[in-house]
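First comes the structure, then the notes that go with it.
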Amino acid sequence: MADFTADFCDAHPDKVSVLGPGYANYGGADMSQGELVTIRLDRNNSDLITLLRDEDGHGKVVVVDADQAYYAIVGENLMKFAQASGYAGIIVNGYVRDTFQIKDIPVALYALGTCSRKYIPVTQGERDVPLAFGGVEFRPGDYVYTDTDGVIVTAEPLSQG
């Protein structure tokens with residue numbers, strides 16, 4: 001199913017929101033789809049580690065708002081946790097690292113760019129909260145579709161045509 005975000009935008013123009021420019025896929029999967037799980041972080045990714053490592057991610061995509069803090073939120077270890085737990089993708093309003101190692105892990109990973117450092121002191125995150133960035137509102141339970149054309153969000157699953 002090539003270019004399915006474009007097809008969904010054409011078939012359902014009033015039902016989709018399109019993530020704004022600046023986000024690129026650093027993961028090893030060209031396409032992903034699933035129900036949204038949301039998390040807001042304050043620079044440190046320990047709550048995201050717990051989510052990716054300990055919860056079943058089959059049929060899900062994690063959306064992370066790190067408020068564009070210039071620290072790496074996702075790297076090789078978190079991508080391995082995501083793959084092991086069955087997550088289809090991760091969308092980060094922030095930065096990632098270990099891009100050489102993660103390009104072969106079959107999980108989509110959209111982010112603003114790369115940063116070598118991570119934030120060490122543990123801070124508290126918030127789970128299952130509405131998030132807004134890139135011109136899109138992400139609500140827990142919404143659906144997301146990603147491919148080489150970008151990221152779209154809908155309130156419910158869509159079918160082609």
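By order in the structure tokens, chains are A, B, ...; within a chain, residues start at 1; ligands start at 1, following the order shown.
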(request) Fewer than 3 positions away in the same chain doesn't count, so skip those; otherwise give me all residues within 6 Å of stretch 97-100 of chain A, counting only C-alpha atoms, as a VMD selection string. (result) chain A and resid 72 75 to 76 103 114 to 116
(message) So that I can see what lies close to A:Asp149, please list as a PyMOL selection string the residues with an atom at most 12 Å from it, counting only C-alpha atoms and leaving out residues fewer than 5 positions away in the same chain.
(response) chain A and resi 2-9+18-21+23-25+30-32+110
Output C-alpha atoms of each residue in that selection to a file, as a short mmCIF file (atom, residue, chain, number, x, y, z; two decimals), in the first residue's frame.
data_model
loop_
_atom_site.label_atom_id
_atom_site.label_comp_id
_atom_site.auth_asym_id
_atom_site.auth_seq_id
_atom_site.Cartn_x
_atom_site.Cartn_y
_atom_site.Cartn_z
CA ALA A 2 2.25 2.83 -1.27
CA ASP A 3 1.73 6.44 -0.20
CA PHE A 4 -1.22 5.64 2.00
CA THR A 5 -1.18 8.95 3.94
CA ALA A 6 -1.74 10.80 0.67
CA ASP A 7 -4.56 8.41 -0.23
CA PHE A 8 -6.21 8.98 3.16
CA CYS A 9 -5.89 12.75 2.78
CA VAL A 18 -1.35 16.50 8.94
CA LEU A 19 1.76 16.94 11.10
CA GLY A 20 3.61 20.08 10.04
CA PRO A 21 7.03 20.22 8.39
CA TYR A 23 9.76 15.98 11.30
CA ALA A 24 11.80 13.18 9.73
CA ASN A 25 11.76 9.40 10.14
CA ASP A 30 8.90 3.28 6.36
CA MET A 31 5.25 2.95 7.38
CA SER A 32 3.33 2.57 10.62
CA TYR A 110 9.68 10.63 13.66
#
(request) To one decimal in Å, tell me the separation between atom CA of A:Ile90 and atom CA of A:Ala11. (result) 25.0 Å
(request) Write down as JSON, numbers by chain the residues of chain A whose backbone DSSP state falls under alpha helix (DSSP H). (result) {"A": [4, 5, 6, 7, 8, 9, 10, 11, 46, 47, 48, 49, 50, 51, 52, 53, 54, 76, 77, 78, 79, 80, 81, 82, 83, 84, 85, 99, 100, 101, 102]}
Could you take the residues named above and write them with N, CA, C and O atoms, as a tab-separated table (two decimals), in the first residue's frame?
chain	number	residue	atom	x	y	z
A	4	PHE	N	0.14	5.69	1.47
A	4	PHE	CA	-1.22	5.64	2.00
A	4	PHE	C	-1.63	6.89	2.77
A	4	PHE	O	-2.81	7.17	2.86
A	5	THR	N	-0.73	7.71	3.30
A	5	THR	CA	-1.18	8.95	3.94
A	5	THR	C	-1.78	9.89	2.91
A	5	THR	O	-2.79	10.54	3.18
A	6	ALA	N	-1.18	9.96	1.73
A	6	ALA	CA	-1.74	10.80	0.67
A	6	ALA	C	-3.12	10.31	0.24
A	6	ALA	O	-4.04	11.09	0.04
A	7	ASP	N	-3.26	8.99	0.13
A	7	ASP	CA	-4.56	8.41	-0.23
A	7	ASP	C	-5.62	8.75	0.81
A	7	ASP	O	-6.75	9.10	0.47
A	8	PHE	N	-5.27	8.64	2.09
A	8	PHE	CA	-6.21	8.98	3.16
A	8	PHE	C	-6.58	10.45	3.13
A	8	PHE	O	-7.73	10.83	3.34
A	9	CYS	N	-5.60	11.32	2.87
A	9	CYS	CA	-5.89	12.75	2.78
A	9	CYS	C	-6.84	13.05	1.63
A	9	CYS	O	-7.74	13.89	1.76
A	10	ASP	N	-6.67	12.35	0.51
A	10	ASP	CA	-7.55	12.54	-0.64
A	10	ASP	C	-8.96	12.02	-0.37
A	10	ASP	O	-9.95	12.66	-0.71
A	11	ALA	N	-9.04	10.84	0.25
A	11	ALA	CA	-10.33	10.20	0.46
A	11	ALA	C	-11.10	10.77	1.65
A	11	ALA	O	-12.32	10.71	1.69
A	46	SER	N	12.77	8.70	31.42
A	46	SER	CA	12.56	7.50	32.24
A	46	SER	C	11.12	6.98	32.17
A	46	SER	O	10.90	5.77	32.15
A	47	ASP	N	10.14	7.86	32.13
A	47	ASP	CA	8.74	7.40	32.02
A	47	ASP	C	8.47	6.77	30.66
A	47	ASP	O	7.70	5.82	30.55
A	48	LEU	N	9.13	7.26	29.62
A	48	LEU	CA	9.00	6.66	28.29
A	48	LEU	C	9.66	5.28	28.26
A	48	LEU	O	9.13	4.35	27.65
A	49	ILE	N	10.78	5.13	28.94
A	49	ILE	CA	11.43	3.82	29.03
A	49	ILE	C	10.47	2.81	29.63
A	49	ILE	O	10.29	1.71	29.10
A	50	THR	N	9.84	3.17	30.74
A	50	THR	CA	8.88	2.27	31.40
A	50	THR	C	7.75	1.89	30.46
A	50	THR	O	7.38	0.72	30.36
A	51	LEU	N	7.20	2.86	29.76
A	51	LEU	CA	6.10	2.61	28.83
A	51	LEU	C	6.54	1.64	27.74
A	51	LEU	O	5.87	0.63	27.48
A	52	LEU	N	7.65	1.92	27.08
A	52	LEU	CA	8.10	1.10	25.96
A	52	LEU	C	8.55	-0.29	26.40
A	52	LEU	O	8.38	-1.26	25.66
A	53	ARG	N	9.12	-0.40	27.56
A	53	ARG	CA	9.66	-1.67	28.04
A	53	ARG	C	8.58	-2.57	28.65
A	53	ARG	O	8.62	-3.79	28.48
A	54	ASP	N	7.60	-1.97	29.33
A	54	ASP	CA	6.71	-2.75	30.17
A	54	ASP	C	5.28	-2.91	29.67
A	54	ASP	O	4.51	-3.67	30.25
A	76	GLU	N	18.95	4.04	20.76
A	76	GLU	CA	18.97	2.61	20.44
A	76	GLU	C	18.23	1.75	21.47
A	76	GLU	O	17.43	0.89	21.10
A	77	ASN	N	18.47	1.97	22.75
A	77	ASN	CA	17.84	1.12	23.77
A	77	ASN	C	16.32	1.25	23.76
A	77	ASN	O	15.60	0.25	23.83
A	78	LEU	N	15.82	2.47	23.66
A	78	LEU	CA	14.37	2.66	23.65
A	78	LEU	C	13.74	2.07	22.39
A	78	LEU	O	12.63	1.52	22.45
A	79	MET	N	14.43	2.17	21.27
A	79	MET	CA	13.93	1.56	20.04
A	79	MET	C	13.87	0.04	20.17
A	79	MET	O	12.92	-0.60	19.68
A	80	LYS	N	14.84	-0.54	20.83
A	80	LYS	CA	14.81	-2.00	21.06
A	80	LYS	C	13.64	-2.37	21.97
A	80	LYS	O	12.97	-3.38	21.74
A	81	PHE	N	13.38	-1.57	23.00
A	81	PHE	CA	12.21	-1.81	23.87
A	81	PHE	C	10.92	-1.71	23.05
A	81	PHE	O	10.02	-2.54	23.20
A	82	ALA	N	10.82	-0.69	22.21
A	82	ALA	CA	9.62	-0.50	21.39
A	82	ALA	C	9.40	-1.69	20.48
A	82	ALA	O	8.27	-2.19	20.37
A	83	GLN	N	10.44	-2.16	19.85
A	83	GLN	CA	10.32	-3.33	18.96
A	83	GLN	C	9.90	-4.56	19.75
A	83	GLN	O	8.99	-5.29	19.33
A	84	ALA	N	10.54	-4.81	20.88
A	84	ALA	CA	10.23	-6.00	21.68
A	84	ALA	C	8.79	-5.97	22.19
A	84	ALA	O	8.15	-7.03	22.31
A	85	SER	N	8.27	-4.79	22.47
A	85	SER	CA	6.89	-4.67	22.99
A	85	SER	C	5.85	-4.57	21.89
A	85	SER	O	4.66	-4.54	22.17
A	99	THR	N	21.35	7.26	15.66
A	99	THR	CA	20.66	7.07	14.39
A	99	THR	C	21.29	5.99	13.52
A	99	THR	O	20.57	5.34	12.76
A	100	PHE	N	22.57	5.78	13.63
A	100	PHE	CA	23.20	4.71	12.85
A	100	PHE	C	22.68	3.35	13.32
A	100	PHE	O	22.35	2.49	12.50
A	101	GLN	N	22.56	3.15	14.62
A	101	GLN	CA	22.10	1.88	15.17
A	101	GLN	C	20.60	1.66	14.97
A	101	GLN	O	20.16	0.53	14.80
A	102	ILE	N	19.79	2.71	15.01
A	102	ILE	CA	18.34	2.52	14.97
A	102	ILE	C	17.76	2.43	13.57
A	102	ILE	O	16.61	2.03	13.41
(message) My list of candidates is A:Val63, A:Val136, A:Ile91, A:Ala108. Which is closest to A:Tyr26 when distances are computed with only C-alpha atoms?
(response) A:Ala108
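Each of A:Gly22, A:Pro13, A:Gly135, A:Gly28 was compared to A:Gly113 using only C-alpha atoms, and A:Gly22 turns out to be the nearest.
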(request) Take atom CA of A:Gly125 and atom CA of A:Ile105 and report the distance between them in Å, one decimal. (result) 25.4 Å
(message) Show me, as a PyMOL selection string, the residues that have an atom within 10 Å of A:Asn93 when counting only C-alpha atoms, minus same-chain residues fewer than 5 positions from it.
(response) chain A and resi 23+40-41+63-69+73+110-113+131-134
Convert the current residue selection to file output with all heavy atoms, as a short mmCIF file (atom, residue, chain, number, x, y, z; two decimals), in the first residue's frame.
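So the final result, stored in result_11.cif, reads:
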data_model
loop_
_atom_site.label_atom_id
_atom_site.label_comp_id
_atom_site.auth_asym_id
_atom_site.auth_seq_id
_atom_site.Cartn_x
_atom_site.Cartn_y
_atom_site.Cartn_z
N TYR A 23 9.63 17.29 10.67
CA TYR A 23 9.76 15.98 11.30
C TYR A 23 10.24 14.97 10.27
O TYR A 23 9.71 14.91 9.17
CB TYR A 23 8.43 15.52 11.91
CG TYR A 23 8.00 16.40 13.06
CD1 TYR A 23 7.31 17.58 12.82
CD2 TYR A 23 8.31 16.07 14.37
CE1 TYR A 23 6.94 18.42 13.86
CE2 TYR A 23 7.94 16.89 15.41
CZ TYR A 23 7.25 18.07 15.15
OH TYR A 23 6.90 18.90 16.18
N ARG A 40 3.84 13.19 27.92
CA ARG A 40 4.54 14.48 27.95
C ARG A 40 5.72 14.32 28.90
O ARG A 40 5.56 13.86 30.03
CB ARG A 40 3.63 15.59 28.43
CG ARG A 40 4.34 16.95 28.53
CD ARG A 40 3.42 18.07 28.98
NE ARG A 40 2.42 18.34 27.95
CZ ARG A 40 1.10 18.28 28.14
NH1 ARG A 40 0.61 17.92 29.31
NH2 ARG A 40 0.27 18.56 27.16
N LEU A 41 6.92 14.70 28.43
CA LEU A 41 8.13 14.56 29.23
C LEU A 41 8.73 15.93 29.55
O LEU A 41 8.55 16.88 28.80
CB LEU A 41 9.18 13.74 28.48
CG LEU A 41 8.79 12.32 28.10
CD1 LEU A 41 9.92 11.66 27.31
CD2 LEU A 41 8.45 11.50 29.33
N VAL A 63 3.16 8.89 21.02
CA VAL A 63 3.42 10.29 20.69
C VAL A 63 3.99 10.94 21.95
O VAL A 63 3.38 10.89 23.02
CB VAL A 63 2.14 11.00 20.23
CG1 VAL A 63 2.42 12.48 19.98
CG2 VAL A 63 1.57 10.34 18.99
N VAL A 64 5.18 11.54 21.78
CA VAL A 64 5.93 12.09 22.91
C VAL A 64 6.12 13.58 22.70
O VAL A 64 6.64 14.01 21.67
CB VAL A 64 7.33 11.44 23.01
CG1 VAL A 64 8.08 11.96 24.22
CG2 VAL A 64 7.23 9.93 23.02
N ASP A 65 5.69 14.38 23.68
CA ASP A 65 5.98 15.80 23.64
C ASP A 65 7.07 16.11 24.65
O ASP A 65 6.86 15.99 25.85
CB ASP A 65 4.74 16.63 23.92
CG ASP A 65 4.95 18.12 23.65
OD1 ASP A 65 6.10 18.51 23.33
OD2 ASP A 65 3.99 18.88 23.78
N ALA A 66 8.24 16.46 24.14
CA ALA A 66 9.36 16.86 24.99
C ALA A 66 9.59 18.36 24.86
O ALA A 66 10.67 18.86 25.21
CB ALA A 66 10.61 16.09 24.61
N ASP A 67 8.59 19.06 24.35
CA ASP A 67 8.62 20.51 24.21
C ASP A 67 9.87 20.99 23.47
O ASP A 67 10.42 22.03 23.79
CB ASP A 67 8.51 21.18 25.58
CG ASP A 67 8.09 22.64 25.47
OD1 ASP A 67 7.45 23.01 24.46
OD2 ASP A 67 8.43 23.41 26.38
N GLN A 68 10.32 20.19 22.53
CA GLN A 68 11.47 20.51 21.69
C GLN A 68 12.75 20.78 22.48
O GLN A 68 13.66 21.44 22.00
CB GLN A 68 11.17 21.69 20.76
CG GLN A 68 10.03 21.43 19.82
CD GLN A 68 9.77 22.58 18.87
OE1 GLN A 68 10.51 23.54 18.78
NE2 GLN A 68 8.67 22.48 18.14
N ALA A 69 12.82 20.27 23.72
CA ALA A 69 14.05 20.44 24.52
C ALA A 69 15.20 19.77 23.78
O ALA A 69 15.05 18.67 23.23
CB ALA A 69 13.87 19.81 25.90
N ILE A 73 15.67 12.13 23.27
CA ILE A 73 14.59 11.46 23.99
C ILE A 73 14.59 9.97 23.69
O ILE A 73 14.34 9.14 24.56
CB ILE A 73 13.22 12.08 23.61
CG1 ILE A 73 13.19 13.57 23.99
CG2 ILE A 73 12.07 11.33 24.24
CD1 ILE A 73 13.41 13.86 25.46
N TYR A 110 9.70 9.27 14.18
CA TYR A 110 9.68 10.63 13.66
C TYR A 110 10.13 11.59 14.76
O TYR A 110 9.69 11.49 15.90
CB TYR A 110 8.27 11.01 13.20
CG TYR A 110 7.93 10.38 11.87
CD1 TYR A 110 7.51 9.06 11.80
CD2 TYR A 110 8.07 11.08 10.69
CE1 TYR A 110 7.23 8.46 10.58
CE2 TYR A 110 7.79 10.50 9.47
CZ TYR A 110 7.38 9.19 9.42
OH TYR A 110 7.11 8.61 8.21
N ALA A 111 11.01 12.52 14.39
CA ALA A 111 11.52 13.51 15.34
C ALA A 111 11.97 14.75 14.58
O ALA A 111 12.06 14.75 13.35
CB ALA A 111 12.68 12.93 16.14
N LEU A 112 12.28 15.80 15.33
CA LEU A 112 12.74 17.05 14.74
C LEU A 112 14.18 16.99 14.26
O LEU A 112 14.57 17.75 13.39
CB LEU A 112 12.60 18.18 15.76
CG LEU A 112 11.17 18.60 16.07
CD1 LEU A 112 11.13 19.52 17.27
CD2 LEU A 112 10.55 19.27 14.85
N GLY A 113 14.98 16.13 14.86
CA GLY A 113 16.39 16.04 14.49
C GLY A 113 17.15 15.19 15.48
O GLY A 113 16.56 14.39 16.21
N LEU A 131 -2.04 16.23 23.61
CA LEU A 131 -0.83 16.96 23.24
C LEU A 131 -1.10 17.76 21.97
O LEU A 131 -1.97 17.38 21.17
CB LEU A 131 0.32 15.98 22.96
CG LEU A 131 0.70 15.00 24.07
CD1 LEU A 131 1.76 14.02 23.57
CD2 LEU A 131 1.19 15.75 25.30
N ALA A 132 -0.37 18.83 21.78
CA ALA A 132 -0.51 19.62 20.55
C ALA A 132 0.87 20.12 20.14
O ALA A 132 1.56 20.76 20.92
CB ALA A 132 -1.46 20.79 20.77
N PHE A 133 1.26 19.78 18.91
CA PHE A 133 2.48 20.30 18.30
C PHE A 133 2.43 20.03 16.81
O PHE A 133 1.65 19.21 16.35
CB PHE A 133 3.74 19.72 18.96
CG PHE A 133 3.88 18.22 18.90
CD1 PHE A 133 4.40 17.59 17.78
CD2 PHE A 133 3.50 17.45 19.98
CE1 PHE A 133 4.54 16.21 17.75
CE2 PHE A 133 3.63 16.06 19.95
CZ PHE A 133 4.16 15.44 18.83
N GLY A 134 3.24 20.75 16.07
CA GLY A 134 3.28 20.56 14.62
C GLY A 134 1.95 20.82 13.95
O GLY A 134 1.66 20.26 12.89
#
(message) Residues near stretch 137-139 of chain A, anyone? I mean within 9 Å using only C-alpha atoms, not counting same-chain ones fewer than 3 positions away, as JSON, numbers by chain.
(response) {"A": [17, 36, 37, 38, 63, 128, 129, 130, 131, 132, 133, 134, 142, 143, 144, 153, 154, 155]}
Saved selection, atoms kept: C-alpha atoms, as a PDB file, in the first residue's frame:
ATOM      1  CA  SER A  17      -4.826  16.352  10.450  1.00  0.00           C
ATOM      2  CA  LEU A  36      -2.169   6.749  19.863  1.00  0.00           C
ATOM      3  CA  VAL A  37      -0.627   6.543  23.299  1.00  0.00           C
ATOM      4  CA  THR A  38       0.526   9.951  24.572  1.00  0.00           C
ATOM      5  CA  VAL A  63       3.415  10.285  20.694  1.00  0.00           C
ATOM      6  CA  ASP A 128      -2.471   9.770  28.423  1.00  0.00           C
ATOM      7  CA  VAL A 129      -2.862  13.532  28.122  1.00  0.00           C
ATOM      8  CA  PRO A 130      -3.859  15.528  25.033  1.00  0.00           C
ATOM      9  CA  LEU A 131      -0.827  16.957  23.236  1.00  0.00           C
ATOM     10  CA  ALA A 132      -0.510  19.624  20.554  1.00  0.00           C
ATOM     11  CA  PHE A 133       2.479  20.303  18.304  1.00  0.00           C
ATOM     12  CA  GLY A 134       3.279  20.563  14.623  1.00  0.00           C
ATOM     13  CA  ASP A 142      -6.824   8.738  18.157  1.00  0.00           C
ATOM     14  CA  TYR A 143      -5.222   6.922  15.222  1.00  0.00           C
ATOM     15  CA  VAL A 144      -2.025   7.788  13.422  1.00  0.00           C
ATOM     16  CA  VAL A 153      -3.883  11.799  12.670  1.00  0.00           C
ATOM     17  CA  THR A 154      -7.583  10.868  12.756  1.00  0.00           C
ATOM     18  CA  ALA A 155     -10.164  10.436  15.487  1.00  0.00           C
TER      19      ALA A 155
END
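Counting only C-alpha atoms and comparing A:Asp56, A:Asp104, A:Glu35, A:Asp42, the residue that lies closest to A:Tyr119 is A:Asp42.
Nearest to A:Val151 of all the residues A:Ile39, A:Val74, A:Ala88, A:Val16 is A:Val16, counting only C-alpha atoms.
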(request) Write out as a ChimeraX atom specification all residues of stretch 19-59 of chain A that DSSP puts in strand (DSSP E) for this structure's backbone. (result) /A:24-25,32-40
Any chance you could export the current selection's N, CA and C atoms as a PDB file, in the first residue's frame?
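Resulting contents of out_7.pdb:
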ATOM      1  N   ALA A  24      11.247  14.190  10.634  1.00  0.00           N
ATOM      2  CA  ALA A  24      11.800  13.179   9.733  1.00  0.00           C
ATOM      3  C   ALA A  24      11.787  11.824  10.414  1.00  0.00           C
ATOM      4  N   ASN A  25      11.760  10.764   9.616  1.00  0.00           N
ATOM      5  CA  ASN A  25      11.756   9.397  10.136  1.00  0.00           C
ATOM      6  C   ASN A  25      13.199   8.903  10.251  1.00  0.00           C
ATOM      7  N   SER A  32       3.880   3.069   9.365  1.00  0.00           N
ATOM      8  CA  SER A  32       3.328   2.567  10.615  1.00  0.00           C
ATOM      9  C   SER A  32       1.911   3.089  10.759  1.00  0.00           C
ATOM     10  N   GLN A  33       1.168   2.432  11.601  1.00  0.00           N
ATOM     11  CA  GLN A  33      -0.181   2.894  11.931  1.00  0.00           C
ATOM     12  C   GLN A  33      -0.576   2.295  13.256  1.00  0.00           C
ATOM     13  N   GLY A  34      -1.483   2.975  13.938  1.00  0.00           N
ATOM     14  CA  GLY A  34      -1.971   2.428  15.189  1.00  0.00           C
ATOM     15  C   GLY A  34      -2.678   3.459  16.035  1.00  0.00           C
ATOM     16  N   GLU A  35      -3.193   2.960  17.151  1.00  0.00           N
ATOM     17  CA  GLU A  35      -3.862   3.805  18.130  1.00  0.00           C
ATOM     18  C   GLU A  35      -2.813   4.603  18.898  1.00  0.00           C
ATOM     19  N   LEU A  36      -3.116   5.870  19.171  1.00  0.00           N
ATOM     20  CA  LEU A  36      -2.169   6.749  19.863  1.00  0.00           C
ATOM     21  C   LEU A  36      -2.119   6.486  21.357  1.00  0.00           C
ATOM     22  N   VAL A  37      -0.907   6.498  21.873  1.00  0.00           N
ATOM     23  CA  VAL A  37      -0.627   6.543  23.299  1.00  0.00           C
ATOM     24  C   VAL A  37       0.196   7.810  23.483  1.00  0.00           C
ATOM     25  N   THR A  38      -0.173   8.676  24.425  1.00  0.00           N
ATOM     26  CA  THR A  38       0.526   9.951  24.572  1.00  0.00           C
ATOM     27  C   THR A  38       1.299  10.022  25.883  1.00  0.00           C
ATOM     28  N   ILE A  39       2.399  10.782  25.827  1.00  0.00           N
ATOM     29  CA  ILE A  39       3.194  11.040  27.024  1.00  0.00           C
ATOM     30  C   ILE A  39       3.896  12.386  26.862  1.00  0.00           C
ATOM     31  N   ARG A  40       3.836  13.192  27.921  1.00  0.00           N
ATOM     32  CA  ARG A  40       4.543  14.479  27.949  1.00  0.00           C
ATOM     33  C   ARG A  40       5.724  14.319  28.897  1.00  0.00           C
TER      34      ARG A  40
END
